[in-house]
Structures are given as C-alpha cells and as structure tokens.
file target.txt (compact mmCIF, C-alpha atoms)
# COMPACT_ATOMS: atom_id res chain seq x y z
CA ASP A 1 0.00 0.00 0.00
CA ALA A 2 1.21 3.52 -0.76
CA GLY A 3 0.36 4.80 2.69
CA VAL A 4 -1.42 8.05 3.40
CA ILE A 5 -0.89 10.53 0.59
CA GLN A 6 -0.96 14.26 1.13
CA SER A 7 -0.71 17.11 -1.33
CA PRO A 8 0.82 19.51 -1.78
CA ARG A 9 3.92 18.77 0.26
CA HIS A 10 4.78 22.43 0.48
CA GLU A 11 2.58 25.48 0.10
CA VAL A 12 3.56 29.12 0.25
CA THR A 13 0.76 31.65 0.05
CA GLU A 14 -0.04 35.21 0.97
CA MET A 15 -2.24 36.29 3.80
CA GLY A 16 -5.89 36.37 2.81
CA GLN A 17 -5.62 33.64 0.19
CA GLU A 18 -7.55 30.40 0.32
CA VAL A 19 -5.52 27.26 0.99
CA THR A 20 -6.71 23.71 0.33
CA LEU A 21 -4.84 20.71 1.65
CA ARG A 22 -5.64 17.25 0.37
CA CYS A 23 -5.43 13.77 1.80
CA LYS A 24 -5.93 10.27 0.48
CA PRO A 25 -6.17 7.75 3.32
CA ILE A 26 -5.05 4.14 3.23
CA SER A 27 -7.60 2.06 1.39
CA GLY A 28 -10.02 0.33 3.73
CA HIS A 29 -9.39 2.62 6.67
CA ASP A 30 -12.56 4.03 8.22
CA TYR A 31 -11.08 6.83 10.34
CA LEU A 32 -9.35 9.95 9.10
CA PHE A 33 -7.66 12.57 11.25
CA TRP A 34 -6.27 16.05 10.56
CA TYR A 35 -3.49 17.37 12.80
CA ARG A 36 -1.48 20.56 12.95
CA GLN A 37 2.09 20.68 14.24
CA THR A 38 3.87 23.82 15.39
CA MET A 39 6.87 24.42 17.58
CA MET A 40 4.79 26.38 20.06
CA ARG A 41 1.78 24.09 20.39
CA GLY A 42 3.12 20.69 19.35
CA LEU A 43 0.69 18.28 17.70
CA GLU A 44 -2.95 19.28 17.80
CA LEU A 45 -5.89 17.23 16.56
CA LEU A 46 -8.10 19.45 14.46
CA ILE A 47 -10.90 17.11 13.37
CA TYR A 48 -11.57 13.48 12.72
CA PHE A 49 -14.01 11.53 10.57
CA ASN A 50 -15.49 8.07 10.84
CA ASN A 51 -16.94 6.57 7.65
CA ASN A 52 -16.76 10.03 6.04
CA VAL A 53 -18.77 11.68 8.82
CA PRO A 54 -17.14 14.36 11.00
CA ILE A 55 -17.17 13.11 14.58
CA ASP A 56 -15.24 15.70 16.53
CA ASP A 57 -14.20 19.10 15.23
CA SER A 58 -13.54 20.68 18.59
CA GLY A 59 -9.92 21.25 17.66
CA MET A 60 -10.66 23.37 14.62
CA PRO A 61 -9.29 26.75 15.62
CA GLU A 62 -11.94 28.98 14.12
CA ASP A 63 -14.45 29.38 11.35
CA ARG A 64 -11.73 30.05 8.82
CA PHE A 65 -10.96 26.33 8.93
CA SER A 66 -13.22 23.73 7.35
CA ALA A 67 -12.79 20.06 6.48
CA LYS A 68 -14.71 17.72 4.26
CA MET A 69 -14.62 14.06 3.36
CA PRO A 70 -16.82 13.55 0.31
CA ASN A 71 -15.86 9.87 0.00
CA ALA A 72 -13.78 7.19 1.64
CA SER A 73 -10.68 7.98 -0.38
CA PHE A 74 -10.43 11.76 -0.17
CA SER A 75 -10.49 14.56 2.34
CA THR A 76 -9.72 18.26 2.25
CA LEU A 77 -8.79 20.83 4.85
CA LYS A 78 -9.47 24.39 3.77
CA ILE A 79 -8.33 27.64 5.29
CA GLN A 80 -10.08 30.77 4.08
CA PRO A 81 -8.78 33.40 4.52
CA SER A 82 -5.32 32.29 5.57
CA GLU A 83 -3.26 34.17 8.16
CA PRO A 84 0.45 34.04 9.03
CA ARG A 85 -0.34 32.27 12.31
CA ASP A 86 -1.70 29.35 10.30
CA SER A 87 1.84 28.53 9.20
CA ALA A 88 2.49 24.97 10.36
CA VAL A 89 2.86 21.41 9.19
CA TYR A 90 -0.52 19.78 8.63
CA PHE A 91 -0.73 16.01 8.89
CA CYS A 92 -3.42 13.66 7.80
CA ALA A 93 -3.65 10.22 9.41
CA SER A 94 -5.90 7.26 8.84
CA SER A 95 -6.82 4.25 10.88
CA SER A 96 -8.80 1.05 10.78
CA GLY A 97 -10.83 1.00 13.94
CA GLY A 98 -9.47 4.28 15.26
CA GLU A 99 -6.58 3.28 17.49
CA THR A 100 -3.28 2.83 15.65
CA GLN A 101 -3.01 5.76 13.26
CA TYR A 102 -0.89 5.97 10.12
CA PHE A 103 0.38 9.42 9.28
CA GLY A 104 1.03 11.00 5.94
CA PRO A 105 4.21 12.96 5.20
CA GLY A 106 2.55 16.29 5.96
CA THR A 107 2.00 19.57 4.16
CA ARG A 108 4.30 22.38 5.19
CA LEU A 109 2.30 25.61 4.95
CA LEU A 110 3.83 29.05 5.04
CA VAL A 111 1.53 32.06 4.99
CA LEU A 112 3.33 35.33 4.30
CA GLY B 1 -8.10 15.86 31.72
CA ASP B 2 -5.79 13.27 30.24
CA SER B 3 -2.19 14.29 29.68
CA VAL B 4 1.24 12.97 28.71
CA THR B 5 4.52 14.33 30.02
CA GLN B 6 7.83 13.60 28.33
CA MET B 7 11.32 14.50 29.33
CA GLU B 8 12.69 17.64 27.78
CA GLY B 9 15.15 17.27 24.96
CA PRO B 10 17.31 17.33 23.12
CA VAL B 11 19.00 14.13 24.17
CA THR B 12 22.47 13.71 22.69
CA LEU B 13 24.17 10.31 22.86
CA SER B 14 27.12 8.58 21.30
CA GLU B 15 26.52 5.60 19.07
CA GLU B 16 25.99 2.35 21.03
CA ALA B 17 24.95 4.20 24.19
CA PHE B 18 21.90 3.18 26.21
CA LEU B 19 18.78 5.25 25.68
CA THR B 20 15.96 6.07 28.06
CA ILE B 21 13.25 8.60 27.28
CA ASN B 22 10.86 9.07 30.16
CA CYS B 23 7.12 9.30 29.68
CA THR B 24 4.43 9.55 32.34
CA TYR B 25 0.74 9.94 31.86
CA THR B 26 -2.45 10.99 33.60
CA ALA B 27 -5.64 9.36 32.43
CA THR B 28 -8.96 8.12 33.59
CA GLY B 29 -9.83 4.54 32.74
CA TYR B 30 -7.44 2.21 30.97
CA PRO B 31 -5.68 3.92 28.10
CA SER B 32 -3.54 2.36 25.41
CA LEU B 33 -0.02 3.78 25.22
CA PHE B 34 2.12 4.45 22.19
CA TRP B 35 5.52 5.64 21.07
CA TYR B 36 5.72 7.32 17.69
CA VAL B 37 8.90 8.42 15.90
CA GLN B 38 9.25 11.32 13.49
CA TYR B 39 12.29 11.44 11.21
CA PRO B 40 13.25 14.80 9.70
CA GLY B 41 10.79 15.97 7.08
CA GLU B 42 8.47 13.01 7.57
CA GLY B 43 5.23 12.15 9.31
CA LEU B 44 4.94 10.19 12.51
CA GLN B 45 5.43 6.43 12.42
CA LEU B 46 4.22 4.02 15.04
CA LEU B 47 7.21 2.59 16.88
CA LEU B 48 5.49 0.42 19.48
CA LYS B 49 2.41 0.21 21.63
CA ALA B 50 0.95 -1.46 24.71
CA THR B 51 -2.72 -1.83 25.44
CA LYS B 52 -2.84 -2.96 29.07
CA ALA B 53 -0.86 -2.90 32.28
CA ASP B 54 2.42 -4.86 32.28
CA ASP B 55 2.36 -5.24 28.50
CA LYS B 56 5.71 -4.66 26.85
CA GLY B 57 5.82 -3.15 23.39
CA SER B 58 8.91 -3.69 21.31
CA ASN B 59 10.17 -2.92 17.82
CA LYS B 60 13.55 -2.32 16.15
CA GLY B 61 15.37 -2.82 19.45
CA PHE B 62 13.19 -0.31 21.30
CA GLU B 63 11.09 -1.40 24.27
CA ALA B 64 8.59 0.15 26.64
CA THR B 65 6.58 -1.41 29.45
CA TYR B 66 3.14 -0.18 30.52
CA ARG B 67 3.48 0.49 34.24
CA LYS B 68 0.13 1.30 35.77
CA GLU B 69 1.47 1.66 39.30
CA THR B 70 3.83 4.43 38.26
CA THR B 71 1.72 5.64 35.30
CA SER B 72 4.78 5.42 33.08
CA PHE B 73 5.77 4.14 29.65
CA HIS B 74 9.49 4.84 29.36
CA LEU B 75 11.20 4.14 26.04
CA GLU B 76 14.50 2.23 26.11
CA LYS B 77 17.05 0.94 23.66
CA GLY B 78 20.21 -0.86 24.58
CA SER B 79 22.45 0.46 21.83
CA VAL B 80 21.46 3.45 19.71
CA GLN B 81 22.58 4.10 16.16
CA VAL B 82 23.01 7.32 14.23
CA SER B 83 19.93 6.35 12.23
CA ASP B 84 17.83 6.54 15.43
CA SER B 85 18.21 10.32 15.44
CA ALA B 86 14.64 11.62 15.35
CA VAL B 87 11.88 13.08 17.51
CA TYR B 88 10.06 10.60 19.72
CA PHE B 89 6.47 11.14 20.86
CA CYS B 90 4.72 9.37 23.68
CA ALA B 91 0.94 9.22 23.35
CA LEU B 92 -2.15 7.74 24.91
CA ILE B 93 -5.61 7.00 23.69
CA ASN B 94 -8.46 6.27 26.02
CA SER B 95 -10.91 3.50 25.35
CA GLY B 96 -14.03 4.72 23.64
CA THR B 97 -12.29 7.69 22.07
CA TYR B 98 -10.00 8.01 19.09
CA LYS B 99 -8.22 11.18 20.13
CA TYR B 100 -4.55 10.81 20.79
CA ILE B 101 -3.05 12.81 23.61
CA PHE B 102 0.53 13.44 22.56
CA GLY B 103 3.50 14.47 24.62
CA THR B 104 5.59 17.37 23.42
CA GLY B 105 8.19 15.13 21.81
CA THR B 106 11.83 14.45 22.68
CA ARG B 107 14.51 15.07 20.09
CA LEU B 108 17.25 12.44 20.04
CA LYS B 109 20.57 13.09 18.38
CA VAL B 110 23.04 10.22 18.08
CA LEU B 111 26.65 11.06 17.25
CA ALA B 112 28.98 8.71 15.41

call {"tool": "encode", "arguments": {"input": "target.txt", "output": "structure tokens"}}
result
Amino acid sequence: DAGVIQSPRHEVTEMGQEVTLRCKPISGHDYLFWYRQTMMRGLELLIYFNNNVPIDDSGMPEDRFSAKMPNASFSTLKIQPSEPRDSAVYFCASSSGGETQYFGPGTRLLVL
Amino acid sequence: GDSVTQMEGPVTLSEEAFLTINCTYTATGYPSLFWYVQYPGEGLQLLLKATKADDKGSNKGFEATYRKETTSFHLEKGSVQVSDSAVYFCALINSGTYKYIFGTGTRLKVLA
C-alpha cells in the first residue's frame, strides 16, 4: 500500500488567500484525522471523521478552517482566509478502527 | 483531563549508548499507550504500543513497558545508532475515544 498521501507537500501563500490541503487515506481505513504541528503548540488534533462523517471538530481553531470528506478515499482541509499564524505542518492520518493511526508525510504551509 | 509528560530534549548520545526517554501519563480509565517516531521531514510512524498494564511493546530494538502503578511508559534501547536520530512522541488514547493525547516530543541526536 502507498500509505497516506498528502498534497501539496509544500505550500507558500499570501495572507488572505484560500488554501486547500488534500489527503488520500489508506484504502479500507474508516477513520481519518487532521493534525497541525507547530513548535509552540506541538501536535494538535483538528478534526476526525469516521466513515466520512465528521465526529469531533472541537480542535478546529476557528471558522476560517473547514474540512470535508466527500468519499472514503479523499479529504480536504481548507483555510479561508489564511493568516500568518496558520503557518504549520498539517498532517493527515488514517486508521482502521481508530486506534493505531498511520500518518502521511505532511504539508508544510507558510503564509506570508 | 488526560495528559502525557515527556522529558525535555534534546538528548544527545554517542553511538551504542543506552537510551531512556521518560514518559508519564495521567488518564482516567485504561488507556492504550504508544511511542511514535518522526524522522526529519516526515510524518509520525508508530514505533510500538501497549494496550494494558504490564504489556511490553517492542520494535527495532526499542522497548517500553506499561506500568500502571507508576503511570509510566518509558522508552528504552540498549544500543542506539546514528539512524535513530529523530523526535520521539509518547501518546495515549483512552478507550471509547479516538483522540490521541501526545506528549511534546523528545529530540534524540546520536553522534557517530
């Protein structure tokens, strides 16, 4: 299996622009997680889905962030409008059953 | 609430030295415990896990034992290699939830 696939790997954008991060989970996995990693705050869970349904979005920082999972093989995390404080590495992870999670390589986002 | 505390890094060792990275946790119920490793520029990879008290997780020469009496899950390796240089994260997940609680991570640097 190719593992969790994320795109783009790097994104540089200007403040106010819309940013869309993409994730393809491991085939057959029924849980999908979005995390954000920064030096200051460490790893934070933003939202997770089970069978394409959002279960817990309490970690989403504010209304500028939204996530969707239209089908079992694709999810997006959107930031609109982006701000410099959104600069971070965003990870997607997937799991079968929810416990052991498999992480993608991450998207490094820089908002200028 | 649940929490994980890891020793501060960075930890710098010479090749073939003995490694211990301390991890203690606070949790209600009976959590599962994990160690993840993050190599530079990559996502997190599961290193080992333990799901109940006195279980020992092991992988690639690393070991950790779930100690309920001391609420600890210390990571050990008898002889580290340069290739073990990475950031190590201790984490827990409580039964009935799928939200990892991560420690802040401990950076390990192994010198040849």

call {"tool": "closest_atom_pairs", "arguments": {"input": "target.txt", "of": "chain B", "to": "chain A", "cutoff": "12 Å", "atoms": "all atoms listed in the file", "output": "CSV"}}
result
residue,atom,partner,partner_atom,distance
B:Pro31,CA,A:Glu99,CA,10.7
B:Ser32,CA,A:Glu99,CA,8.5
B:Leu33,CA,A:Glu99,CA,10.2
B:Phe34,CA,A:Thr100,CA,8.6
B:Trp35,CA,A:Thr100,CA,10.7
B:Tyr36,CA,A:Gln101,CA,9.9
B:Val37,CA,A:Phe103,CA,10.8
B:Gln38,CA,A:Pro105,CA,9.8
B:Tyr39,CA,A:Pro105,CA,10.2
B:Pro40,CA,A:Pro105,CA,10.3
B:Gly41,CA,A:Pro105,CA,7.5
B:Glu42,CA,A:Pro105,CA,4.9
B:Gly43,CA,A:Pro105,CA,4.3
B:Leu44,CA,A:Phe103,CA,5.6
B:Gln45,CA,A:Phe103,CA,6.7
B:Leu46,CA,A:Tyr102,CA,7.4
B:Leu47,CA,A:Thr100,CA,10.6
B:Leu48,CA,A:Thr100,CA,9.9
B:Lys49,CA,A:Thr100,CA,8.7
B:Ala50,CA,A:Thr100,CA,10.9
B:Thr51,CA,A:Glu99,CA,10.2
B:Val87,CA,A:Gly42,CA,11.7
B:Phe89,CA,A:Leu43,CA,9.7
B:Cys90,CA,A:Leu43,CA,11.5
B:Ala91,CA,A:Leu43,CA,10.7
B:Leu92,CA,A:Glu99,CA,9.7
B:Ile93,CA,A:Glu99,CA,7.3
B:Asn94,CA,A:Glu99,CA,9.2
B:Ser95,CA,A:Glu99,CA,9.0
B:Gly96,CA,A:Gly98,CA,9.6
B:Thr97,CA,A:Gly98,CA,8.1
B:Tyr98,CA,A:Gly98,CA,5.4
B:Lys99,CA,A:Leu45,CA,7.4
B:Tyr100,CA,A:Leu45,CA,7.8
B:Ile101,CA,A:Glu44,CA,8.7
B:Phe102,CA,A:Leu43,CA,6.9
B:Gly103,CA,A:Gly42,CA,8.2
B:Thr104,CA,A:Gly42,CA,5.8
B:Gly105,CA,A:Gly42,CA,7.9
B:Thr106,CA,A:Gly42,CA,11.2

call {"tool": "residues_near_point", "arguments": {"input": "target.txt", "point": "(-9.8, 21.7, 15.3)", "cutoff": "7 Å", "atoms": "all atoms listed in the file", "output": "list in words"}}
result
Leu45, Leu46, Ile47, Asp57, Ser58, Gly59, Met60 and Pro61 of chain A

call {"tool": "write_last_selection", "arguments": {"input": "target.txt", "atoms": "C-alpha atoms", "output": "mmCIF file, in the coordinates of the input"}}
result
data_model
loop_
_atom_site.group_PDB
_atom_site.id
_atom_site.type_symbol
_atom_site.label_atom_id
_atom_site.label_comp_id
_atom_site.auth_asym_id
_atom_site.auth_seq_id
_atom_site.Cartn_x
_atom_site.Cartn_y
_atom_site.Cartn_z
ATOM 1 C CA LEU A 45 -5.890 17.230 16.560
ATOM 2 C CA LEU A 46 -8.100 19.450 14.460
ATOM 3 C CA ILE A 47 -10.900 17.110 13.370
ATOM 4 C CA ASP A 57 -14.200 19.100 15.230
ATOM 5 C CA SER A 58 -13.540 20.680 18.590
ATOM 6 C CA GLY A 59 -9.920 21.250 17.660
ATOM 7 C CA MET A 60 -10.660 23.370 14.620
ATOM 8 C CA PRO A 61 -9.290 26.750 15.620
#

call {"tool": "atom_distance", "arguments": {"input": "target.txt", "atom1": "atom CA of Ser87 of chain A", "atom2": "atom CA of Leu32 of chain A"}}
result
21.7 Å

call {"tool": "closest_residue", "arguments": {"input": "target.txt", "among": "B:Asp55, B:Glu76, B:Glu69, B:Asp2", "to": "Thr28 of chain B", "atoms": "all atoms listed in the file"}}
result
B:Asp2

call {"tool": "closest_residue", "arguments": {"input": "target.txt", "among": "B:Thr24, B:Thr71, B:Asn59, B:Ser85", "to": "Pro10 of chain B", "atoms": "only C-alpha atoms"}}
result
B:Ser85

call {"tool": "residues_around", "arguments": {"input": "target.txt", "residues": "segment 108-110 of chain B", "least_positions_apart": "2", "cutoff": "6 Å", "atoms": "only C-alpha atoms", "output": "MDAnalysis selection string"}}
result
chainID B and resid 10:15 82 85:87

call {"tool": "residues_around", "arguments": {"input": "target.txt", "residues": "Leu109 of chain A", "least_positions_apart": "2", "cutoff": "10 Å", "atoms": "all atoms listed in the file", "output": "list in words"}}
result
Pro8, Arg9, His10, Glu11, Val12, Thr13, Val19, Leu21, Pro84, Asp86, Ser87, Ala88, Val89, Tyr90, Gly106, Thr107, Val111 and Leu112 of chain A

call {"tool": "atom_distance", "arguments": {"input": "target.txt", "atom1": "atom CA of Gly29 of chain B", "atom2": "atom CA of Asp30 of chain A"}}
result
24.7 Å

call {"tool": "closest_residue", "arguments": {"input": "target.txt", "among": "B:Asn22, B:Ser3, B:Ser72, B:Gly57", "to": "Tyr88 of chain B", "atoms": "only C-alpha atoms"}}
result
B:Asn22

call {"tool": "decode", "arguments": {"input": "target.txt", "residues": "chain B", "atoms": "C-alpha atoms", "output": "CSV table (one decimal), in the first residue's frame"}}
result
chain,number,residue,atom,x,y,z
B,1,GLY,CA,-8.1,15.9,31.7
B,2,ASP,CA,-5.8,13.3,30.2
B,3,SER,CA,-2.2,14.3,29.7
B,4,VAL,CA,1.2,13.0,28.7
B,5,THR,CA,4.5,14.3,30.0
B,6,GLN,CA,7.8,13.6,28.3
B,7,MET,CA,11.3,14.5,29.3
B,8,GLU,CA,12.7,17.6,27.8
B,9,GLY,CA,15.1,17.3,25.0
B,10,PRO,CA,17.3,17.3,23.1
B,11,VAL,CA,19.0,14.1,24.2
B,12,THR,CA,22.5,13.7,22.7
B,13,LEU,CA,24.2,10.3,22.9
B,14,SER,CA,27.1,8.6,21.3
B,15,GLU,CA,26.5,5.6,19.1
B,16,GLU,CA,26.0,2.3,21.0
B,17,ALA,CA,25.0,4.2,24.2
B,18,PHE,CA,21.9,3.2,26.2
B,19,LEU,CA,18.8,5.3,25.7
B,20,THR,CA,16.0,6.1,28.1
B,21,ILE,CA,13.3,8.6,27.3
B,22,ASN,CA,10.9,9.1,30.2
B,23,CYS,CA,7.1,9.3,29.7
B,24,THR,CA,4.4,9.6,32.3
B,25,TYR,CA,0.7,9.9,31.9
B,26,THR,CA,-2.4,11.0,33.6
B,27,ALA,CA,-5.6,9.4,32.4
B,28,THR,CA,-9.0,8.1,33.6
B,29,GLY,CA,-9.8,4.5,32.7
B,30,TYR,CA,-7.4,2.2,31.0
B,31,PRO,CA,-5.7,3.9,28.1
B,32,SER,CA,-3.5,2.4,25.4
B,33,LEU,CA,0.0,3.8,25.2
B,34,PHE,CA,2.1,4.5,22.2
B,35,TRP,CA,5.5,5.6,21.1
B,36,TYR,CA,5.7,7.3,17.7
B,37,VAL,CA,8.9,8.4,15.9
B,38,GLN,CA,9.3,11.3,13.5
B,39,TYR,CA,12.3,11.4,11.2
B,40,PRO,CA,13.3,14.8,9.7
B,41,GLY,CA,10.8,16.0,7.1
B,42,GLU,CA,8.5,13.0,7.6
B,43,GLY,CA,5.2,12.1,9.3
B,44,LEU,CA,4.9,10.2,12.5
B,45,GLN,CA,5.4,6.4,12.4
B,46,LEU,CA,4.2,4.0,15.0
B,47,LEU,CA,7.2,2.6,16.9
B,48,LEU,CA,5.5,0.4,19.5
B,49,LYS,CA,2.4,0.2,21.6
B,50,ALA,CA,1.0,-1.5,24.7
B,51,THR,CA,-2.7,-1.8,25.4
B,52,LYS,CA,-2.8,-3.0,29.1
B,53,ALA,CA,-0.9,-2.9,32.3
B,54,ASP,CA,2.4,-4.9,32.3
B,55,ASP,CA,2.4,-5.2,28.5
B,56,LYS,CA,5.7,-4.7,26.8
B,57,GLY,CA,5.8,-3.2,23.4
B,58,SER,CA,8.9,-3.7,21.3
B,59,ASN,CA,10.2,-2.9,17.8
B,60,LYS,CA,13.6,-2.3,16.2
B,61,GLY,CA,15.4,-2.8,19.4
B,62,PHE,CA,13.2,-0.3,21.3
B,63,GLU,CA,11.1,-1.4,24.3
B,64,ALA,CA,8.6,0.2,26.6
B,65,THR,CA,6.6,-1.4,29.5
B,66,TYR,CA,3.1,-0.2,30.5
B,67,ARG,CA,3.5,0.5,34.2
B,68,LYS,CA,0.1,1.3,35.8
B,69,GLU,CA,1.5,1.7,39.3
B,70,THR,CA,3.8,4.4,38.3
B,71,THR,CA,1.7,5.6,35.3
B,72,SER,CA,4.8,5.4,33.1
B,73,PHE,CA,5.8,4.1,29.7
B,74,HIS,CA,9.5,4.8,29.4
B,75,LEU,CA,11.2,4.1,26.0
B,76,GLU,CA,14.5,2.2,26.1
B,77,LYS,CA,17.0,0.9,23.7
B,78,GLY,CA,20.2,-0.9,24.6
B,79,SER,CA,22.5,0.5,21.8
B,80,VAL,CA,21.5,3.5,19.7
B,81,GLN,CA,22.6,4.1,16.2
B,82,VAL,CA,23.0,7.3,14.2
B,83,SER,CA,19.9,6.3,12.2
B,84,ASP,CA,17.8,6.5,15.4
B,85,SER,CA,18.2,10.3,15.4
B,86,ALA,CA,14.6,11.6,15.3
B,87,VAL,CA,11.9,13.1,17.5
B,88,TYR,CA,10.1,10.6,19.7
B,89,PHE,CA,6.5,11.1,20.9
B,90,CYS,CA,4.7,9.4,23.7
B,91,ALA,CA,0.9,9.2,23.4
B,92,LEU,CA,-2.2,7.7,24.9
B,93,ILE,CA,-5.6,7.0,23.7
B,94,ASN,CA,-8.5,6.3,26.0
B,95,SER,CA,-10.9,3.5,25.3
B,96,GLY,CA,-14.0,4.7,23.6
B,97,THR,CA,-12.3,7.7,22.1
B,98,TYR,CA,-10.0,8.0,19.1
B,99,LYS,CA,-8.2,11.2,20.1
B,100,TYR,CA,-4.6,10.8,20.8
B,101,ILE,CA,-3.1,12.8,23.6
B,102,PHE,CA,0.5,13.4,22.6
B,103,GLY,CA,3.5,14.5,24.6
B,104,THR,CA,5.6,17.4,23.4
B,105,GLY,CA,8.2,15.1,21.8
B,106,THR,CA,11.8,14.5,22.7
B,107,ARG,CA,14.5,15.1,20.1
B,108,LEU,CA,17.3,12.4,20.0
B,109,LYS,CA,20.6,13.1,18.4
B,110,VAL,CA,23.0,10.2,18.1
B,111,LEU,CA,26.6,11.1,17.2
B,112,ALA,CA,29.0,8.7,15.4
